[in-house]
$ cat data_37.cif   # mmCIF, C-alpha atoms and all ligand atoms
data_entry
#
loop_
_atom_site.group_PDB
_atom_site.id
_atom_site.type_symbol
_atom_site.label_atom_id
_atom_site.label_comp_id
_atom_site.auth_asym_id
_atom_site.auth_seq_id
_atom_site.Cartn_x
_atom_site.Cartn_y
_atom_site.Cartn_z
ATOM 1 C CA MET A 1 -219.455 -47.366 -44.955
ATOM 2 C CA LYS A 2 -217.072 -44.410 -44.624
ATOM 3 C CA THR A 3 -216.988 -42.976 -41.110
ATOM 4 C CA ASN A 4 -215.363 -40.105 -39.274
ATOM 5 C CA LEU A 5 -215.427 -38.678 -35.781
ATOM 6 C CA GLY A 6 -217.925 -36.008 -34.741
ATOM 7 C CA GLU A 7 -218.474 -34.151 -31.479
ATOM 8 C CA VAL A 8 -216.634 -35.309 -28.338
ATOM 9 C CA LEU A 9 -219.399 -36.280 -25.905
ATOM 10 C CA VAL A 10 -217.265 -37.192 -22.890
ATOM 11 C CA ASN A 11 -213.670 -35.983 -22.594
ATOM 12 C CA GLU A 12 -210.702 -37.498 -20.727
ATOM 13 C CA ASN A 13 -211.019 -35.253 -17.665
ATOM 14 C CA GLN A 14 -214.722 -35.964 -17.288
ATOM 15 C CA ILE A 15 -214.018 -39.703 -17.508
ATOM 16 C CA LYS A 16 -211.281 -39.514 -14.886
ATOM 17 C CA GLU A 17 -213.383 -37.499 -12.439
ATOM 18 C CA ARG A 18 -216.426 -39.751 -12.804
ATOM 19 C CA ILE A 19 -214.343 -42.913 -12.386
ATOM 20 C CA ASP A 20 -212.849 -41.534 -9.166
ATOM 21 C CA GLU A 21 -216.391 -40.935 -7.874
ATOM 22 C CA LEU A 22 -217.604 -44.391 -8.909
ATOM 23 C CA GLY A 23 -214.511 -46.039 -7.415
ATOM 24 C CA ALA A 24 -215.071 -44.293 -4.079
ATOM 25 C CA GLU A 25 -218.741 -45.315 -4.048
ATOM 26 C CA ILE A 26 -217.987 -48.938 -4.934
ATOM 27 C CA SER A 27 -215.138 -49.132 -2.382
ATOM 28 C CA LYS A 28 -217.534 -47.954 0.340
ATOM 29 C CA ASP A 29 -220.395 -50.248 -0.703
ATOM 30 C CA TYR A 30 -218.184 -53.345 -0.883
ATOM 31 C CA GLU A 31 -215.997 -52.730 2.137
ATOM 32 C CA ASP A 32 -215.434 -56.112 3.874
ATOM 33 C CA LYS A 33 -216.991 -57.989 0.935
ATOM 34 C CA ASN A 34 -215.023 -60.196 -1.395
ATOM 35 C CA LEU A 35 -216.105 -58.522 -4.658
ATOM 36 C CA LEU A 36 -215.752 -60.189 -8.043
ATOM 37 C CA VAL A 37 -215.840 -57.628 -10.859
ATOM 38 C CA VAL A 38 -217.085 -59.194 -14.097
ATOM 39 C CA GLY A 39 -216.139 -57.350 -17.284
ATOM 40 C CA LEU A 40 -218.007 -57.742 -20.531
ATOM 41 C CA LEU A 41 -215.563 -58.300 -23.391
ATOM 42 C CA ARG A 42 -214.480 -56.518 -25.396
ATOM 43 C CA GLY A 43 -215.985 -53.083 -24.932
ATOM 44 C CA ALA A 44 -215.752 -52.829 -21.131
ATOM 45 C CA VAL A 45 -212.019 -53.567 -20.927
ATOM 46 C CA VAL A 46 -210.787 -49.964 -21.041
ATOM 47 C CA PHE A 47 -213.358 -48.771 -18.496
ATOM 48 C CA LEU A 48 -212.760 -51.770 -16.230
ATOM 49 C CA ALA A 49 -208.991 -51.222 -16.268
ATOM 50 C CA ASP A 50 -209.404 -47.657 -14.984
ATOM 51 C CA LEU A 51 -212.316 -48.450 -12.656
ATOM 52 C CA VAL A 52 -210.599 -51.278 -10.757
ATOM 53 C CA ARG A 53 -207.602 -49.017 -10.078
ATOM 54 C CA SER A 54 -209.905 -46.494 -8.415
ATOM 55 C CA ILE A 55 -211.362 -49.140 -6.068
ATOM 56 C CA SER A 56 -209.467 -49.303 -2.795
ATOM 57 C CA THR A 57 -210.911 -52.542 -1.367
ATOM 58 C CA PRO A 58 -209.414 -55.895 -2.446
ATOM 59 C CA ILE A 59 -211.271 -57.302 -5.461
ATOM 60 C CA GLU A 60 -210.927 -60.013 -8.071
ATOM 61 C CA PHE A 61 -211.940 -59.803 -11.694
ATOM 62 C CA ASP A 62 -213.126 -62.133 -14.410
ATOM 63 C CA PHE A 63 -214.489 -61.731 -17.946
ATOM 64 C CA ILE A 64 -217.400 -62.886 -20.043
ATOM 65 C CA ALA A 65 -217.834 -62.420 -23.799
ATOM 66 C CA VAL A 66 -221.104 -62.476 -25.667
ATOM 67 C CA SER A 67 -222.061 -61.985 -29.251
ATOM 68 C CA SER A 68 -225.323 -60.391 -30.111
ATOM 69 C CA TYR A 69 -226.791 -60.785 -33.512
ATOM 70 C CA GLY A 70 -227.805 -57.668 -35.337
ATOM 71 C CA THR A 71 -226.437 -55.006 -37.626
ATOM 72 C CA ALA A 72 -223.149 -53.164 -37.084
ATOM 73 C CA THR A 73 -224.854 -50.521 -34.971
ATOM 74 C CA LYS A 74 -227.967 -52.221 -33.502
ATOM 75 C CA THR A 75 -228.308 -55.312 -31.304
ATOM 76 C CA SER A 76 -231.143 -57.776 -31.816
ATOM 77 C CA GLY A 77 -231.430 -59.156 -28.291
ATOM 78 C CA VAL A 78 -230.413 -62.649 -29.381
ATOM 79 C CA VAL A 79 -227.293 -63.201 -27.318
ATOM 80 C CA ARG A 80 -224.828 -66.095 -27.210
ATOM 81 C CA ILE A 81 -221.997 -66.640 -24.728
ATOM 82 C CA LEU A 82 -218.649 -66.795 -26.563
ATOM 83 C CA LYS A 83 -216.418 -66.987 -23.488
ATOM 84 C CA ASP A 84 -217.825 -67.894 -20.113
ATOM 85 C CA LEU A 85 -216.526 -66.886 -16.691
ATOM 86 C CA ASP A 86 -213.582 -68.845 -15.312
ATOM 87 C CA GLU A 87 -214.846 -68.409 -11.739
ATOM 88 C CA GLU A 88 -217.872 -69.943 -10.008
ATOM 89 C CA ILE A 89 -220.084 -67.107 -8.796
ATOM 90 C CA GLU A 90 -222.436 -68.940 -6.433
ATOM 91 C CA ASN A 91 -222.647 -67.062 -3.091
ATOM 92 C CA ARG A 92 -220.308 -64.319 -4.315
ATOM 93 C CA HIS A 93 -220.807 -60.575 -4.623
ATOM 94 C CA ILE A 94 -220.755 -59.750 -8.340
ATOM 95 C CA LEU A 95 -220.441 -56.382 -10.044
ATOM 96 C CA LEU A 96 -221.083 -56.650 -13.777
ATOM 97 C CA VAL A 97 -219.191 -53.955 -15.701
ATOM 98 C CA GLU A 98 -220.642 -52.942 -19.078
ATOM 99 C CA ASP A 99 -219.356 -50.443 -21.612
ATOM 100 C CA MET A 100 -222.738 -49.279 -22.830
ATOM 101 C CA VAL A 101 -226.397 -49.954 -22.164
ATOM 102 C CA ASP A 102 -228.427 -49.063 -25.224
ATOM 103 C CA THR A 103 -231.657 -51.083 -25.582
ATOM 104 C CA GLY A 104 -230.754 -53.067 -22.438
ATOM 105 C CA LEU A 105 -231.278 -56.373 -24.257
ATOM 106 C CA THR A 106 -227.694 -57.587 -23.751
ATOM 107 C CA LEU A 107 -227.768 -56.594 -20.098
ATOM 108 C CA ASN A 108 -231.139 -58.278 -19.509
ATOM 109 C CA TYR A 109 -229.842 -61.504 -20.990
ATOM 110 C CA LEU A 110 -226.654 -61.385 -18.926
ATOM 111 C CA LEU A 111 -228.466 -60.588 -15.685
ATOM 112 C CA LYS A 112 -230.841 -63.510 -16.192
ATOM 113 C CA ASN A 113 -227.957 -65.834 -16.992
ATOM 114 C CA LEU A 114 -225.803 -64.729 -14.030
ATOM 115 C CA ARG A 115 -228.740 -64.745 -11.578
ATOM 116 C CA SER A 116 -229.397 -68.398 -12.404
ATOM 117 C CA ARG A 117 -225.937 -69.156 -10.931
ATOM 118 C CA ARG A 118 -227.128 -67.856 -7.522
ATOM 119 C CA PRO A 119 -224.655 -65.119 -6.616
ATOM 120 C CA GLU A 120 -224.971 -63.568 -3.164
ATOM 121 C CA SER A 121 -225.527 -60.194 -4.863
ATOM 122 C CA LEU A 122 -225.489 -58.920 -8.434
ATOM 123 C CA GLU A 123 -225.204 -55.242 -9.416
ATOM 124 C CA VAL A 124 -224.376 -53.385 -12.608
ATOM 125 C CA CYS A 125 -221.867 -50.643 -13.340
ATOM 126 C CA ALA A 126 -222.268 -49.215 -16.858
ATOM 127 C CA PHE A 127 -219.883 -46.651 -18.309
ATOM 128 C CA LEU A 128 -222.506 -45.146 -20.645
ATOM 129 C CA VAL A 129 -226.283 -45.368 -20.675
ATOM 130 C CA LYS A 130 -228.169 -44.208 -23.746
ATOM 131 C CA GLN A 131 -231.297 -42.224 -23.154
ATOM 132 C CA ARG A 132 -234.068 -43.431 -25.409
ATOM 133 C CA GLU A 133 -237.629 -42.243 -25.221
ATOM 134 C CA GLY A 134 -240.143 -44.515 -23.490
ATOM 135 C CA GLN A 135 -237.492 -47.025 -22.489
ATOM 136 C CA THR A 136 -237.426 -48.922 -19.207
ATOM 137 C CA LEU A 137 -233.911 -50.024 -18.460
ATOM 138 C CA PRO A 138 -232.825 -52.809 -16.143
ATOM 139 C CA PHE A 139 -231.678 -51.507 -12.762
ATOM 140 C CA ILE A 140 -228.197 -49.991 -13.087
ATOM 141 C CA LYS A 141 -226.718 -49.207 -9.685
ATOM 142 C CA TYR A 142 -223.635 -47.328 -10.923
ATOM 143 C CA ALA A 143 -223.835 -45.347 -14.170
ATOM 144 C CA GLY A 144 -220.952 -43.307 -15.583
ATOM 145 C CA PHE A 145 -222.744 -40.978 -17.982
ATOM 146 C CA MET A 146 -226.184 -40.719 -19.553
ATOM 147 C CA ILE A 147 -225.779 -39.830 -23.237
ATOM 148 C CA PRO A 148 -228.193 -38.960 -26.057
ATOM 149 C CA ASP A 149 -229.195 -41.595 -28.575
ATOM 150 C CA HIS A 150 -226.231 -41.370 -30.974
ATOM 151 C CA TYR A 151 -223.809 -44.060 -32.066
ATOM 152 C CA VAL A 152 -220.587 -43.347 -30.183
ATOM 153 C CA VAL A 153 -217.050 -44.737 -30.220
ATOM 154 C CA GLY A 154 -213.935 -44.583 -28.075
ATOM 155 C CA TYR A 155 -212.852 -45.610 -24.592
ATOM 156 C CA GLY A 156 -213.537 -49.263 -25.438
ATOM 157 C CA LEU A 157 -216.487 -48.735 -27.764
ATOM 158 C CA ASP A 158 -216.018 -49.667 -31.392
ATOM 159 C CA TYR A 159 -217.395 -49.426 -34.851
ATOM 160 C CA SER A 160 -216.382 -52.632 -36.695
ATOM 161 C CA GLU A 161 -213.602 -53.136 -34.081
ATOM 162 C CA LYS A 162 -212.115 -49.684 -34.711
ATOM 163 C CA TYR A 163 -211.783 -46.628 -32.459
ATOM 164 C CA ARG A 164 -211.666 -48.622 -29.165
ATOM 165 C CA ASN A 165 -208.338 -47.005 -28.209
ATOM 166 C CA LEU A 166 -209.556 -43.392 -28.272
ATOM 167 C CA PRO A 167 -209.150 -41.977 -24.741
ATOM 168 C CA TYR A 168 -212.496 -40.099 -25.000
ATOM 169 C CA VAL A 169 -216.020 -40.773 -26.274
ATOM 170 C CA SER A 170 -216.975 -39.295 -29.623
ATOM 171 C CA VAL A 171 -220.027 -39.379 -31.855
ATOM 172 C CA LEU A 172 -219.454 -41.419 -35.019
ATOM 173 C CA LYS A 173 -220.508 -39.787 -38.250
ATOM 174 C CA SER A 174 -221.221 -41.818 -41.315
ATOM 175 C CA GLU A 175 -221.682 -40.600 -44.866
ATOM 176 C CA GLN A 176 -225.233 -41.933 -44.767
ATOM 177 C CA ASN A 177 -226.425 -39.768 -41.874
ATOM 178 C CA GLU A 178 -224.391 -36.643 -42.579
HETATM 179 P P1 LIG A 201 -227.906 -53.214 -26.053
HETATM 180 O O1 LIG A 201 -228.131 -54.706 -25.976
HETATM 181 O O2 LIG A 201 -228.774 -52.572 -27.108
HETATM 182 O O3 LIG A 201 -228.069 -52.527 -24.711
HETATM 183 O O4 LIG A 201 -226.445 -52.989 -26.594
HETATM 184 C C1 LIG A 201 -225.363 -53.244 -25.819
HETATM 185 C C2 LIG A 201 -224.091 -53.439 -26.612
HETATM 186 O O5 LIG A 201 -224.144 -52.894 -27.938
HETATM 187 C C3 LIG A 201 -222.989 -52.692 -25.873
HETATM 188 O O6 LIG A 201 -222.347 -53.554 -24.937
HETATM 189 C C4 LIG A 201 -222.095 -52.220 -26.996
HETATM 190 O O7 LIG A 201 -221.082 -53.178 -27.226
HETATM 191 C C5 LIG A 201 -222.996 -52.137 -28.219
HETATM 192 N N1 LIG A 201 -223.397 -50.730 -28.449
HETATM 193 C C6 LIG A 201 -224.603 -50.173 -28.236
HETATM 194 N N2 LIG A 201 -224.596 -48.870 -28.578
HETATM 195 C C7 LIG A 201 -223.340 -48.600 -29.005
HETATM 196 C C8 LIG A 201 -222.673 -47.393 -29.473
HETATM 197 O O8 LIG A 201 -223.237 -46.286 -29.557
HETATM 198 N N3 LIG A 201 -221.373 -47.541 -29.815
HETATM 199 C C9 LIG A 201 -220.686 -48.722 -29.732
HETATM 200 N N4 LIG A 201 -221.258 -49.851 -29.297
HETATM 201 C C10 LIG A 201 -222.571 -49.790 -28.931
#

$ encode --input "data_37.cif" --output "structure tokens"
Amino acid sequence: MKTNLGEVLVNENQIKERIDELGAEISKDYEDKNLLVVGLLRGAVVFLADLVRSISTPIEFDFIAVSSYGTATKTSGVVRILKDLDEEIENRHILLVEDMVDTGLTLNYLLKNLRSRRPESLEVCAFLVKQREGQTLPFIKYAGFMIPDHYVVGYGLDYSEKYRNLPYVSVLKSEQNE
């Protein structure tokens, strides 16, 4: 499918300002705690790289990769771990960093999986949260931006592995829905 970029939903300055706010909040909440930041590959990498540099307390980070079956733009909720954490998380404070929460199916699966490993605490920081009507999302303690229900790319988010390196978030237009 041929695609091109549409409206910029979140620009570079907005991202920077929000990350500074989130970093300050997280630094305060985890002061004196040995926080392990867990990034979801691949989409959360760009956000995580900026977020961790805005956190002033000492932290560690680790990564997990999942694949979710579905179409190019919709997840099915059937999730499989492709790369597990390198660290044990039992009795540790964990902050799961996600690029995007859409239906919440991926996040629900991950939370259930990580909770079964008995961390001391488990919270979520999502860069983007899609607003869908009638949807109950899992609890997200730190959310970057709420966005309308459009398919978006940039700042880590892809369409068929492309556009991840854009420094802003843009709506993706396809010939089908133009
Ligand atoms: P969920 O399981 O429906 O919440 O989808 C979560 C995953 O689907 C995210 O981690 C993204 O990788 C991907 N995703 C959902 N919506 C978008 C989008 O608009 N653009 C790019 N990826 C998306």

$ residues_around --input "data_37.cif" --residues "Tyr163 in chain A" --least-positions-apart "2" --cutoff "12 Å" --atoms "only C-alpha atoms" --output "VMD selection string"
chain A and resid 3 to 5 43 46 152 to 161 165 to 172

$ closest_residue --input "data_37.cif" --among "A:Val97, A:Ile140, A:Val8, A:Ile26" --to "Ala49 in chain A" --atoms "all atoms listed in the file"
A:Val97

$ closest_atom_pairs --input "data_37.cif" --of "chain A" --to "ligand LIG 201 (chain A)" --cutoff "8 Å" --atoms "all atoms listed in the file" --output "JSON lines"
{"residue": "A:Leu40", "atom": "CA", "partner": "A:LIG201", "partner_atom": "O6", "distance": 7.5}
{"residue": "A:Arg42", "atom": "CA", "partner": "A:LIG201", "partner_atom": "O7", "distance": 7.6}
{"residue": "A:Gly43", "atom": "CA", "partner": "A:LIG201", "partner_atom": "O7", "distance": 5.6}
{"residue": "A:Ala44", "atom": "CA", "partner": "A:LIG201", "partner_atom": "O6", "distance": 7.6}
{"residue": "A:Ser68", "atom": "CA", "partner": "A:LIG201", "partner_atom": "O1", "distance": 7.6}
{"residue": "A:Thr73", "atom": "CA", "partner": "A:LIG201", "partner_atom": "C7", "distance": 6.4}
{"residue": "A:Lys74", "atom": "CA", "partner": "A:LIG201", "partner_atom": "O2", "distance": 6.5}
{"residue": "A:Thr75", "atom": "CA", "partner": "A:LIG201", "partner_atom": "O2", "distance": 5.0}
{"residue": "A:Ser76", "atom": "CA", "partner": "A:LIG201", "partner_atom": "O1", "distance": 7.3}
{"residue": "A:Gly77", "atom": "CA", "partner": "A:LIG201", "partner_atom": "O1", "distance": 6.0}
{"residue": "A:Glu98", "atom": "CA", "partner": "A:LIG201", "partner_atom": "O6", "distance": 6.1}
{"residue": "A:Asp99", "atom": "CA", "partner": "A:LIG201", "partner_atom": "O6", "distance": 5.4}
{"residue": "A:Met100", "atom": "CA", "partner": "A:LIG201", "partner_atom": "C3", "distance": 4.6}
{"residue": "A:Val101", "atom": "CA", "partner": "A:LIG201", "partner_atom": "O3", "distance": 4.0}
{"residue": "A:Asp102", "atom": "CA", "partner": "A:LIG201", "partner_atom": "O3", "distance": 3.5}
{"residue": "A:Thr103", "atom": "CA", "partner": "A:LIG201", "partner_atom": "O2", "distance": 3.6}
{"residue": "A:Gly104", "atom": "CA", "partner": "A:LIG201", "partner_atom": "O3", "distance": 3.6}
{"residue": "A:Leu105", "atom": "CA", "partner": "A:LIG201", "partner_atom": "O1", "distance": 4.0}
{"residue": "A:Thr106", "atom": "CA", "partner": "A:LIG201", "partner_atom": "O1", "distance": 3.7}
{"residue": "A:Leu107", "atom": "CA", "partner": "A:LIG201", "partner_atom": "O3", "distance": 6.2}
{"residue": "A:Asn108", "atom": "CA", "partner": "A:LIG201", "partner_atom": "O1", "distance": 8.0}
{"residue": "A:Lys130", "atom": "CA", "partner": "A:LIG201", "partner_atom": "N2", "distance": 7.6}
{"residue": "A:Asp149", "atom": "CA", "partner": "A:LIG201", "partner_atom": "O8", "distance": 7.6}
{"residue": "A:His150", "atom": "CA", "partner": "A:LIG201", "partner_atom": "O8", "distance": 5.9}
{"residue": "A:Tyr151", "atom": "CA", "partner": "A:LIG201", "partner_atom": "O8", "distance": 3.4}
{"residue": "A:Val152", "atom": "CA", "partner": "A:LIG201", "partner_atom": "O8", "distance": 4.0}
{"residue": "A:Val153", "atom": "CA", "partner": "A:LIG201", "partner_atom": "N3", "distance": 5.2}
{"residue": "A:Leu157", "atom": "CA", "partner": "A:LIG201", "partner_atom": "C9", "distance": 4.6}
{"residue": "A:Asp158", "atom": "CA", "partner": "A:LIG201", "partner_atom": "C9", "distance": 5.0}
{"residue": "A:Tyr159", "atom": "CA", "partner": "A:LIG201", "partner_atom": "C9", "distance": 6.1}
{"residue": "A:Val171", "atom": "CA", "partner": "A:LIG201", "partner_atom": "O8", "distance": 8.0}

$ closest_residue --input "data_37.cif" --among "A:Gly134, A:Tyr109, A:Phe127, A:Asn91" --to "Met146 in chain A" --atoms "all atoms listed in the file"
A:Phe127

$ closest_residue --input "data_37.cif" --among "A:Gly6, A:Arg92, A:Asp62, A:Phe47" --to "Leu128 in chain A" --atoms "all atoms listed in the file"
A:Phe47

$ atom_distance --input "data_37.cif" --atom1 "CA of Lys141 in chain A" --atom2 "CA of Leu111 in chain A"
13.0 Å

$ resolve_selection --input "data_37.cif" --expression "the PyMOL selection byres (((chain A and resi 17-25) around 12) and not hetatm)" --output "number ranges by chain"
A: 10-16, 26-31, 46-57, 59, 97, 124-128, 141-146

$ atom_distance --input "data_37.cif" --atom1 "CA of Glu60 in chain A" --atom2 "CA of Ile89 in chain A"
11.6 Å

$ axis_aligned_box --input "data_37.cif" --around "range 103-122 of chain A" --padding-each-side "6 Å" --output "JSON"
{"center_x": -228.2, "center_y": -60.1, "center_z": -14.4, "size_x": 19.0, "size_y": 30.1, "size_z": 34.4}
